[in-house]
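Peer 1: To start, I am sharing the structure in question, which I have written as structure tokens.
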Amino acid sequence: MISRKTETFTVTDKKELVAARKGMMAIAEELGMGPMKETQLRTAATELLSNMLRFGGGGKLTVENVEYKNLNGVRATFEDQGPGIADIDAAMKQGFSTGNSLGHGLSGCKNLVDTFDLTSSLGKGTRVVITKWC
Amino acid sequence: MKTGRVPILKNKDVLIVPVSGDLDDLELTQFELTLLSRVKREEVRGIVLDVSSVDTIDLFMARKLIALTQMVGLMDVVAVLAGIRPAVAVTLTDMGVRFNNLQIAPTLEHAIELLEKLKG
């Protein structure tokens with residue numbers, strides 16, 4: 001996978017969340033992703049950035065314009081130094097109907113993107129890498 | 001009470017709410033309280049939640065919208081969700097969101113017609 005362009009955003013409040021998401025979407029639009037996939041990517045990012053603020057105490061978003069074989073897309077890495085997720089399997093299973101009002105929405109997120117990779121260590125933080133191809 | 005960033009319009013006994021995207025959790029919660037108090041105070045019979053300008057509905061917002069329709073339902077008021085964009089509909093479905101028992105209309109105009117019909 002070739003990474004052609006990288007931008008990093010610090011997200012510690014809602015204003016920065018909006019700016020980070022805008023920056024990410026500018027890269028998606030530049031690639032001509034299209035309204036449907038852009039909405040899926042934007043929603044996944046909103047979910048992950050909101051989690052970062054709610055549970056992780058803020059964090060960092062790194063956005064890359066990536067190329068793999070004949071595919072172009074956006075890879076986004078969401079990192080926080082929050083408490084981490086104790087039971088990732090349980091968190092991933094928590095769906096719309098079972099989650100509480102602040103459900104992580106992780107399984108929903110996973111359905112919106114092409115790759116979804118979550119790593120988390122207790123007391124150190126959580127890292128989610130997603131890719132959305134055009 | 002402050003209405004925050006969500007304007008609430010009144011047409012006869014129907015409240016029309018052009019929901020904006022980019023509301024944070026606090027603003028959404030404040031909006032919910034404002035709306036409920038207006039429903040009580042102004043004796044409305046129907047609400048249209050117009051989401052046609054919203055390009056992102058995340059789980060929190062989806063849950064809030066559903067909860068809101070249930071809350072006003074308890075106050076004997078019908079809420080109609082109007083104008084969901086195609087890409088948002090796809091995204092909500094991908095995320096497993098269910099809008100069961102919810103009145104839906106394609107546009108604001110259809111929503112008002114629907115409320116007229118429901119009220120008999």
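By convention in this document, the chains of the structure tokens carry letters A, B, ... by their order, each chain's residues are numbered from 1, and ligands are numbered from 1 in the order they are shown.
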Excluding Thr8 in chain A and any residue of its chain fewer than 2 positions from it, enumerate the residues within 7 Å of it, using only C-alpha atoms, and give them as a list of chain:residue names.

Peer 2: A:Thr6, A:Thr10, A:Leu61, A:Thr62, A:Val63

Peer 1: Taking only C-alpha atoms into account, produce a table as CSV in which each residue of chain B with an atom at most 7 Å from an atom of chain A appears once, together with its shortest atom pair and the distance in Å to one decimal, ordered by chain and rising number.

Peer 2:
residue,atom,partner,partner_atom,distance
B:Asp24,CA,A:Lys14,CA,6.8
B:Asp55,CA,A:Thr39,CA,6.9
B:Thr56,CA,A:Thr43,CA,5.6
B:Ile57,CA,A:Thr43,CA,6.8
B:Asp58,CA,A:Thr43,CA,5.9
B:Leu59,CA,A:Gly105,CA,6.6
B:Phe60,CA,A:Leu102,CA,6.6
B:Arg63,CA,A:Ser101,CA,6.9
B:Ala87,CA,A:Met36,CA,4.9
B:Val88,CA,A:Thr39,CA,6.7
B:Thr91,CA,A:Gln40,CA,5.6
B:Asp94,CA,A:Asn111,CA,5.8
B:Met95,CA,A:Gly108,CA,3.8
B:Gly96,CA,A:Phe96,CA,6.1
B:Val97,CA,A:Phe96,CA,5.9

Peer 1: Keeping only N, CA and C atoms, take the residues you just selected and write them out as a tab-separated table (two decimals), in the first residue's frame.

Peer 2:
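Just written: out03.tsv:
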chain	number	residue	atom	x	y	z
B	24	ASP	N	-23.81	18.82	18.84
B	24	ASP	CA	-23.10	17.91	19.74
B	24	ASP	C	-24.09	17.32	20.75
B	55	ASP	N	-26.52	15.67	6.76
B	55	ASP	CA	-25.75	14.73	5.94
B	55	ASP	C	-25.10	13.62	6.77
B	56	THR	N	-25.16	13.73	8.09
B	56	THR	CA	-24.60	12.68	8.94
B	56	THR	C	-25.51	12.44	10.14
B	57	ILE	N	-26.05	11.25	10.24
B	57	ILE	CA	-26.78	10.88	11.46
B	57	ILE	C	-26.01	9.75	12.11
B	58	ASP	N	-25.39	10.03	13.24
B	58	ASP	CA	-24.65	8.96	13.93
B	58	ASP	C	-25.60	8.25	14.90
B	59	LEU	N	-25.10	7.24	15.58
B	59	LEU	CA	-25.97	6.44	16.44
B	59	LEU	C	-26.60	7.27	17.55
B	60	PHE	N	-25.82	8.19	18.09
B	60	PHE	CA	-26.33	9.01	19.19
B	60	PHE	C	-27.54	9.82	18.73
B	63	ARG	N	-30.57	7.59	17.99
B	63	ARG	CA	-31.25	7.20	19.24
B	63	ARG	C	-32.04	8.36	19.82
B	87	ALA	N	-28.29	8.65	0.98
B	87	ALA	CA	-27.02	8.14	1.53
B	87	ALA	C	-27.12	7.94	3.04
B	88	VAL	N	-27.91	8.79	3.69
B	88	VAL	CA	-28.09	8.66	5.14
B	88	VAL	C	-28.92	7.40	5.44
B	91	THR	N	-26.65	4.47	5.11
B	91	THR	CA	-25.71	4.45	6.23
B	91	THR	C	-26.37	3.95	7.52
B	94	ASP	N	-26.90	0.26	7.23
B	94	ASP	CA	-25.61	-0.42	7.42
B	94	ASP	C	-25.27	-0.55	8.90
B	95	MET	N	-25.61	0.48	9.66
B	95	MET	CA	-25.26	0.48	11.09
B	95	MET	C	-26.27	-0.29	11.93
B	96	GLY	N	-27.31	-0.80	11.28
B	96	GLY	CA	-28.28	-1.61	12.01
B	96	GLY	C	-29.34	-0.81	12.74
B	97	VAL	N	-29.50	0.46	12.38
B	97	VAL	CA	-30.51	1.28	13.04
B	97	VAL	C	-31.90	0.88	12.56

Peer 1: Give the answer as one residue: which of B:Ala89, B:Val54, B:Ile8, B:Leu35 has the shortest atom-to-atom distance to Met71 in chain B, using only C-alpha atoms?

Peer 2: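 The closest residue to Met71 in chain B is B:Leu35.
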
Peer 1: Could you give me, as a short mmCIF file (atom, residue, chain, number, x, y, z; two decimals) with C-alpha atoms, in the first residue's frame, the residues within 12 Å of Ala67 in chain B, counting only C-alpha atoms and dropping anything in the same chain fewer than 4 positions from it?

Peer 2:
data_model
loop_
_atom_site.label_atom_id
_atom_site.label_comp_id
_atom_site.auth_asym_id
_atom_site.auth_seq_id
_atom_site.Cartn_x
_atom_site.Cartn_y
_atom_site.Cartn_z
CA SER A 101 -27.54 5.56 24.88
CA LEU B 28 -29.08 17.63 21.08
CA THR B 29 -30.09 17.10 24.70
CA GLU B 32 -34.89 17.71 23.21
CA LEU B 33 -35.84 19.52 26.43
CA LEU B 36 -40.76 18.82 24.91
CA LEU B 59 -25.97 6.44 16.44
CA PHE B 60 -26.33 9.01 19.19
CA MET B 61 -28.46 11.24 17.01
CA ALA B 62 -30.49 8.31 15.69
CA ARG B 63 -31.25 7.20 19.24
CA MET B 71 -41.48 10.82 24.39
CA VAL B 72 -43.89 13.01 22.46
CA GLY B 73 -45.93 9.88 21.72
CA LEU B 74 -46.50 9.57 25.47
CA ALA B 79 -43.87 12.90 15.32
CA PHE B 99 -36.86 3.01 12.90
CA ASN B 100 -39.73 0.71 13.89
CA ASN B 101 -43.10 2.23 14.76
CA LEU B 102 -41.99 5.57 13.40
#

Peer 1: Expressed in Å to a single decimal, how great is the separation between CA of Gly125 in chain A and CA of Ala90 in chain A?

Peer 2: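 Taking CA of Gly125 in chain A and CA of Ala90 in chain A, their separation equals 17.0 Å.
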
Peer 1: Kindly give the distance, in Å, that separates CA of Ile112 in chain B and CA of Asp25 in chain B, rounded to a single decimal.

Peer 2: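 Atom-to-atom, CA of Ile112 in chain B to CA of Asp25 in chain B, that is 28.0 Å.
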
Peer 1: Looking only at the backbone, which of the residues in range 15-131 of chain A does DSSP tag as helix (DSSP H, G or I), as a count of residues only?

Peer 2: 47

Peer 1: Any idea what's packed within 8 Å of Pro18 in chain B, counting only C-alpha atoms, ignoring anything in its chain fewer than 5 positions away? Could you give it as a PyMOL selection string?

Peer 2: chain B and resi 6-8+49-53

Peer 1: To one decimal place in Å, what is the distance between CA of Thr115 in chain A and CA of Ile27 in chain A?

Peer 2: 17.7 Å

Peer 1: According to DSSP computed on the backbone, where in range 5-121 of chain A is there strand (DSSP E)? Give the residues as a PyMOL selection string.

Peer 2: chain A and resi 5-11+59-68+71-80+115-121

Peer 1: Compile the contact shell of Ile104 in chain B as a PyMOL selection string: residues with an atom at most 10 Å away, counting only C-alpha atoms, same-chain residues fewer than 3 positions apart removed.

Peer 2: chain B and resi 48-49+79-84+99+101+107+110-111+114

Peer 1: Write out as a PyMOL selection string the residues lying within 12 Å of Asn70 in chain A, counting only C-alpha atoms and excluding same-chain residues fewer than 3 positions away.

Peer 2: chain A and resi 1-2+66-67+73+133-134

Peer 1: In terms of the shortest atom-to-atom distance over only C-alpha atoms, which of A:Val11, A:Val74, A:Ala28, A:Met52 is closest to Val128 in chain A?

Peer 2: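 The shortest atom-to-atom distance to Val128 in chain A comes from A:Met52.
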